[in-house]
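Asks: So here's run_6.txt, just compact mmCIF, C-alpha atoms:
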```
# COMPACT_ATOMS: atom_id res chain seq x y z
CA MET A 169 29.34 -2.10 -7.44
CA THR A 170 33.01 -1.75 -6.61
CA GLU A 171 35.03 -4.44 -4.83
CA LEU A 172 35.08 -2.31 -1.67
CA GLN A 173 31.29 -1.92 -1.78
CA ARG A 174 30.93 -5.69 -2.16
CA VAL A 175 33.17 -6.34 0.83
CA LEU A 176 31.41 -3.78 3.02
CA ALA A 177 27.98 -5.10 1.98
CA GLN A 178 29.19 -8.53 3.07
CA VAL A 179 30.26 -7.09 6.44
CA LEU A 180 26.71 -5.73 6.83
CA GLU A 181 25.30 -9.18 6.07
CA HIS A 182 27.49 -10.68 8.78
CA LEU A 183 26.38 -8.00 11.25
CA ARG A 184 22.71 -8.58 10.52
CA ALA A 185 23.24 -12.32 11.06
CA ASN A 186 25.06 -11.62 14.36
CA ARG A 187 28.31 -13.02 13.00
CA TRP A 188 30.46 -10.44 14.75
CA THR A 189 33.79 -12.25 14.33
CA GLU A 190 33.35 -12.64 10.58
CA ALA A 191 32.26 -9.01 10.24
CA HIS A 192 35.21 -7.80 12.28
CA ASN A 193 37.76 -9.88 10.39
CA LEU A 194 36.45 -8.70 7.02
CA VAL A 195 36.10 -5.01 7.85
CA GLN A 196 39.77 -4.85 8.82
CA THR A 197 40.86 -5.51 5.22
CA ASP A 198 40.45 -1.84 4.25
CA ASN A 199 41.28 1.50 5.87
CA SER A 200 38.96 3.86 3.98
CA PRO A 201 36.64 6.23 5.85
CA LEU A 202 33.66 4.01 5.00
CA SER A 203 35.44 0.92 6.30
CA ASN A 204 36.48 2.76 9.44
CA TRP A 205 32.89 3.87 10.05
CA LEU A 206 31.64 0.32 9.60
CA HIS A 207 34.43 -0.93 11.86
CA GLY A 208 33.03 1.40 14.51
CA ILE A 209 29.54 0.03 13.95
CA VAL A 210 30.89 -3.49 14.40
CA HIS A 211 32.30 -2.47 17.78
CA ILE A 212 28.96 -0.90 18.75
CA GLN A 213 27.31 -4.24 18.08
CA GLU A 214 29.94 -5.93 20.22
CA GLY A 215 29.35 -3.40 23.01
CA ASP A 216 32.92 -2.05 22.91
CA LEU A 217 32.09 1.65 22.77
CA GLU A 218 35.65 2.80 23.43
CA ASP A 219 36.93 1.06 20.30
CA ALA A 220 33.80 2.15 18.41
CA GLN A 221 34.57 5.78 19.20
CA TYR A 222 38.16 5.32 17.99
CA TRP A 223 36.95 4.00 14.62
CA TYR A 224 34.33 6.74 14.30
CA ASP A 225 37.14 9.26 14.85
CA GLN A 226 39.18 7.54 12.13
CA ALA A 227 36.17 7.86 9.81
CA HIS A 228 35.74 11.57 10.73
CA ARG A 229 32.29 10.83 12.16
CA ASN A 230 30.78 12.22 15.35
CA PHE A 231 30.40 9.26 17.69
CA ARG A 232 28.20 11.14 20.15
CA SER A 233 25.72 12.03 17.40
CA ARG A 234 25.24 8.45 16.25
CA GLY A 235 21.89 6.73 16.25
CA THR A 236 20.96 3.28 17.40
CA LEU A 237 22.79 0.29 15.95
CA ALA A 238 19.94 -0.28 13.50
CA GLU A 239 19.90 3.39 12.47
CA GLU A 240 23.66 3.43 11.97
CA MET A 241 23.50 0.33 9.80
CA GLU A 242 20.73 1.90 7.71
CA ARG A 243 22.68 5.16 7.35
CA PHE A 244 25.79 3.27 6.42
CA GLU A 245 23.99 1.20 3.80
CA ALA A 246 22.38 4.32 2.32
CA GLU A 247 25.81 5.93 1.98
CA LEU A 248 27.42 2.74 0.69
CA LEU A 249 24.81 2.20 -2.00
CA PRO A 250 23.24 5.64 -2.61
CA ASN A 251 21.44 4.76 -5.83
CA GLN A 252 19.74 1.58 -4.68
```
What is this file in structure tokens?
Replies:
Amino acid sequence: MTELQRVLAQVLEHLRANRWTEAHNLVQTDNSPLSNWLHGIVHIQEGDLEDAQYWYDQAHRNFRSRGTLAEEMERFEAELLPNQ
């Protein structure tokens, strides 16, 4: 697992524990497409859909085609750790 994968997995842990502030602070440490997508997911959890759409755009993801928060987290995790 790369350092980025470790950080993003930690962001997911924070999200699942409803620690939005910790997740948000940590996800901002990288600007990769995966981080941007997860940043958007963080904003979905917060209920800030305008910012969520911005981060989905930065990640080159279609915001309008997203699933539920739980589905997006599952999709993200599957892409983050494809062989697990």
Asks: A:Met241: which residues within 9 Å, counting all atoms listed in the file, same-chain residues fewer than 5 positions away excluded, as a list in words?
Replies: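 So the residues in contact are Leu180, Leu183, Arg184, Leu206, Ile209, Thr236 and Ala246 of chain A.
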Asks: Let's have the selection written as a short mmCIF file (atom, residue, chain, number, x, y, z; two decimals), in the coordinates of the input, with C-alpha atoms.
Replies:
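Just written: selection.cif:
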```cif
data_model
loop_
_atom_site.label_atom_id
_atom_site.label_comp_id
_atom_site.auth_asym_id
_atom_site.auth_seq_id
_atom_site.Cartn_x
_atom_site.Cartn_y
_atom_site.Cartn_z
CA LEU A 180 26.71 -5.73 6.83
CA LEU A 183 26.38 -8.00 11.25
CA ARG A 184 22.71 -8.58 10.52
CA LEU A 206 31.64 0.32 9.60
CA ILE A 209 29.54 0.03 13.95
CA THR A 236 20.96 3.28 17.40
CA ALA A 246 22.38 4.32 2.32
#
```
Asks: Measure the distance from atom CA of A:Val179 to atom CA of A:Val210 in Å and round it to one decimal.
Replies: 8.8 Å
Asks: From the set A:Leu176, A:Ser233, A:Leu217, A:Arg187, which residue has the shortest atom-to-atom contact distance to A:Ser200, counting all atoms listed in the file?
Replies: A:Leu176
Asks: Quick one: residues within 12 Å of (40.3, 8.3, 14.1) (file frame), counting only C-alpha atoms, please, as a list in words.
Replies: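 Collected hits near the coordinates: Asn199, Ser200, Pro201, Ser203, Asn204, Trp205, His207, Gly208, Glu218, Asp219, Ala220, Gln221, Tyr222, Trp223, Tyr224, Asp225, Gln226, Ala227, His228, Arg229, Asn230 and Phe231 of chain A.
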Asks: Between atom CA of A:Val175 and atom CA of A:Leu194, what is the spacing in Å?
Replies: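 Taking atom CA of A:Leu194 and atom CA of A:Val175, their separation equals 7.4 Å.
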Asks: Looking at A:Glu240, A:Leu248, A:Gln213, A:Arg174, which one is nearest to A:Asn186, with distances taken over only C-alpha atoms?
Replies: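 Counting only C-alpha atoms, the residue closest to A:Asn186 is A:Gln213.
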Asks: Suppose you want the space between atom CA of A:Glu214 and atom CA of A:His192; what is it in Å?
Replies: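 Computing it gives 9.7 Å between the two atoms.
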Asks: Could you add whatever atoms are missing so that stretch 184-219 of chain A carries N, CA and C atoms, then write the result as a PDB file, keeping the file's coordinate frame?
Replies:
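The result, stored in result_3.pdb:
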```
ATOM      1  N   ARG A 184      24.154  -8.306  10.405  1.00  0.00           N
ATOM      2  CA  ARG A 184      22.710  -8.580  10.520  1.00  0.00           C
ATOM      3  C   ARG A 184      22.441 -10.021  10.953  1.00  0.00           C
ATOM      4  N   ALA A 185      23.380 -10.914  10.663  1.00  0.00           N
ATOM      5  CA  ALA A 185      23.240 -12.320  11.060  1.00  0.00           C
ATOM      6  C   ALA A 185      23.936 -12.590  12.405  1.00  0.00           C
ATOM      7  N   ASN A 186      24.367 -11.516  13.069  1.00  0.00           N
ATOM      8  CA  ASN A 186      25.060 -11.620  14.360  1.00  0.00           C
ATOM      9  C   ASN A 186      26.339 -12.446  14.287  1.00  0.00           C
ATOM     10  N   ARG A 187      27.009 -12.356  13.151  1.00  0.00           N
ATOM     11  CA  ARG A 187      28.310 -13.020  13.000  1.00  0.00           C
ATOM     12  C   ARG A 187      29.390 -11.957  13.171  1.00  0.00           C
ATOM     13  N   TRP A 188      29.564 -11.542  14.444  1.00  0.00           N
ATOM     14  CA  TRP A 188      30.460 -10.440  14.750  1.00  0.00           C
ATOM     15  C   TRP A 188      31.894 -10.746  14.345  1.00  0.00           C
ATOM     16  N   THR A 189      32.390 -11.922  14.636  1.00  0.00           N
ATOM     17  CA  THR A 189      33.790 -12.250  14.330  1.00  0.00           C
ATOM     18  C   THR A 189      34.060 -12.151  12.840  1.00  0.00           C
ATOM     19  N   GLU A 190      33.175 -12.704  12.026  1.00  0.00           N
ATOM     20  CA  GLU A 190      33.350 -12.640  10.580  1.00  0.00           C
ATOM     21  C   GLU A 190      33.307 -11.202  10.087  1.00  0.00           C
ATOM     22  N   ALA A 191      32.366 -10.422  10.627  1.00  0.00           N
ATOM     23  CA  ALA A 191      32.260  -9.010  10.240  1.00  0.00           C
ATOM     24  C   ALA A 191      33.537  -8.262  10.616  1.00  0.00           C
ATOM     25  N   HIS A 192      34.023  -8.500  11.812  1.00  0.00           N
ATOM     26  CA  HIS A 192      35.210  -7.800  12.280  1.00  0.00           C
ATOM     27  C   HIS A 192      36.440  -8.167  11.457  1.00  0.00           C
ATOM     28  N   ASN A 193      36.608  -9.445  11.191  1.00  0.00           N
ATOM     29  CA  ASN A 193      37.760  -9.880  10.390  1.00  0.00           C
ATOM     30  C   ASN A 193      37.732  -9.261   8.992  1.00  0.00           C
ATOM     31  N   LEU A 194      36.566  -9.209   8.383  1.00  0.00           N
ATOM     32  CA  LEU A 194      36.450  -8.700   7.020  1.00  0.00           C
ATOM     33  C   LEU A 194      36.602  -7.189   6.947  1.00  0.00           C
ATOM     34  N   VAL A 195      36.058  -6.465   7.905  1.00  0.00           N
ATOM     35  CA  VAL A 195      36.100  -5.010   7.850  1.00  0.00           C
ATOM     36  C   VAL A 195      37.526  -4.477   8.012  1.00  0.00           C
ATOM     37  N   GLN A 196      38.387  -5.275   8.598  1.00  0.00           N
ATOM     38  CA  GLN A 196      39.770  -4.850   8.820  1.00  0.00           C
ATOM     39  C   GLN A 196      40.631  -4.917   7.557  1.00  0.00           C
ATOM     40  N   THR A 197      40.064  -5.370   6.445  1.00  0.00           N
ATOM     41  CA  THR A 197      40.860  -5.510   5.220  1.00  0.00           C
ATOM     42  C   THR A 197      41.020  -4.202   4.459  1.00  0.00           C
ATOM     43  N   ASP A 198      40.370  -3.132   4.933  1.00  0.00           N
ATOM     44  CA  ASP A 198      40.450  -1.840   4.250  1.00  0.00           C
ATOM     45  C   ASP A 198      40.532  -0.735   5.298  1.00  0.00           C
ATOM     46  N   ASN A 199      41.128   0.392   4.922  1.00  0.00           N
ATOM     47  CA  ASN A 199      41.280   1.500   5.870  1.00  0.00           C
ATOM     48  C   ASN A 199      40.656   2.796   5.339  1.00  0.00           C
ATOM     49  N   SER A 200      39.648   2.677   4.499  1.00  0.00           N
ATOM     50  CA  SER A 200      38.960   3.860   3.980  1.00  0.00           C
ATOM     51  C   SER A 200      38.030   4.426   5.045  1.00  0.00           C
ATOM     52  N   PRO A 201      37.595   5.669   4.886  1.00  0.00           N
ATOM     53  CA  PRO A 201      36.640   6.230   5.850  1.00  0.00           C
ATOM     54  C   PRO A 201      35.376   5.385   6.004  1.00  0.00           C
ATOM     55  N   LEU A 202      34.856   4.854   4.896  1.00  0.00           N
ATOM     56  CA  LEU A 202      33.660   4.010   5.000  1.00  0.00           C
ATOM     57  C   LEU A 202      33.942   2.753   5.808  1.00  0.00           C
ATOM     58  N   SER A 203      35.079   2.129   5.549  1.00  0.00           N
ATOM     59  CA  SER A 203      35.440   0.920   6.300  1.00  0.00           C
ATOM     60  C   SER A 203      35.645   1.248   7.772  1.00  0.00           C
ATOM     61  N   ASN A 204      36.269   2.374   8.045  1.00  0.00           N
ATOM     62  CA  ASN A 204      36.480   2.760   9.440  1.00  0.00           C
ATOM     63  C   ASN A 204      35.156   3.010  10.155  1.00  0.00           C
ATOM     64  N   TRP A 205      34.218   3.644   9.467  1.00  0.00           N
ATOM     65  CA  TRP A 205      32.890   3.870  10.050  1.00  0.00           C
ATOM     66  C   TRP A 205      32.221   2.529  10.358  1.00  0.00           C
ATOM     67  N   LEU A 206      32.255   1.617   9.391  1.00  0.00           N
ATOM     68  CA  LEU A 206      31.640   0.320   9.600  1.00  0.00           C
ATOM     69  C   LEU A 206      32.362  -0.458  10.696  1.00  0.00           C
ATOM     70  N   HIS A 207      33.663  -0.293  10.786  1.00  0.00           N
ATOM     71  CA  HIS A 207      34.430  -0.930  11.860  1.00  0.00           C
ATOM     72  C   HIS A 207      33.902  -0.433  13.213  1.00  0.00           C
ATOM     73  N   GLY A 208      33.623   0.860  13.298  1.00  0.00           N
ATOM     74  CA  GLY A 208      33.030   1.400  14.510  1.00  0.00           C
ATOM     75  C   GLY A 208      31.671   0.807  14.808  1.00  0.00           C
ATOM     76  N   ILE A 209      30.866   0.631  13.781  1.00  0.00           N
ATOM     77  CA  ILE A 209      29.540   0.030  13.950  1.00  0.00           C
ATOM     78  C   ILE A 209      29.666  -1.403  14.454  1.00  0.00           C
ATOM     79  N   VAL A 210      30.647  -2.126  13.935  1.00  0.00           N
ATOM     80  CA  VAL A 210      30.890  -3.490  14.400  1.00  0.00           C
ATOM     81  C   VAL A 210      31.171  -3.485  15.913  1.00  0.00           C
ATOM     82  N   HIS A 211      31.981  -2.538  16.354  1.00  0.00           N
ATOM     83  CA  HIS A 211      32.300  -2.470  17.780  1.00  0.00           C
ATOM     84  C   HIS A 211      31.096  -2.027  18.613  1.00  0.00           C
ATOM     85  N   ILE A 212      30.198  -1.238  18.038  1.00  0.00           N
ATOM     86  CA  ILE A 212      28.960  -0.900  18.750  1.00  0.00           C
ATOM     87  C   ILE A 212      28.155  -2.177  18.974  1.00  0.00           C
ATOM     88  N   GLN A 213      28.055  -2.999  17.933  1.00  0.00           N
ATOM     89  CA  GLN A 213      27.310  -4.240  18.080  1.00  0.00           C
ATOM     90  C   GLN A 213      27.935  -5.127  19.159  1.00  0.00           C
ATOM     91  N   GLU A 214      29.245  -5.127  19.219  1.00  0.00           N
ATOM     92  CA  GLU A 214      29.940  -5.930  20.220  1.00  0.00           C
ATOM     93  C   GLU A 214      29.750  -5.358  21.627  1.00  0.00           C
ATOM     94  N   GLY A 215      29.477  -4.054  21.711  1.00  0.00           N
ATOM     95  CA  GLY A 215      29.350  -3.400  23.010  1.00  0.00           C
ATOM     96  C   GLY A 215      30.639  -2.743  23.473  1.00  0.00           C
ATOM     97  N   ASP A 216      31.620  -2.665  22.595  1.00  0.00           N
ATOM     98  CA  ASP A 216      32.920  -2.050  22.910  1.00  0.00           C
ATOM     99  C   ASP A 216      32.897  -0.607  22.413  1.00  0.00           C
ATOM    100  N   LEU A 217      32.300   0.267  23.211  1.00  0.00           N
ATOM    101  CA  LEU A 217      32.090   1.650  22.770  1.00  0.00           C
ATOM    102  C   LEU A 217      33.378   2.452  22.697  1.00  0.00           C
ATOM    103  N   GLU A 218      34.371   2.101  23.498  1.00  0.00           N
ATOM    104  CA  GLU A 218      35.650   2.800  23.430  1.00  0.00           C
ATOM    105  C   GLU A 218      36.317   2.581  22.067  1.00  0.00           C
ATOM    106  N   ASP A 219      36.368   1.338  21.619  1.00  0.00           N
ATOM    107  CA  ASP A 219      36.930   1.060  20.300  1.00  0.00           C
ATOM    108  C   ASP A 219      36.035   1.635  19.199  1.00  0.00           C
TER     109      ASP A 219
END
```
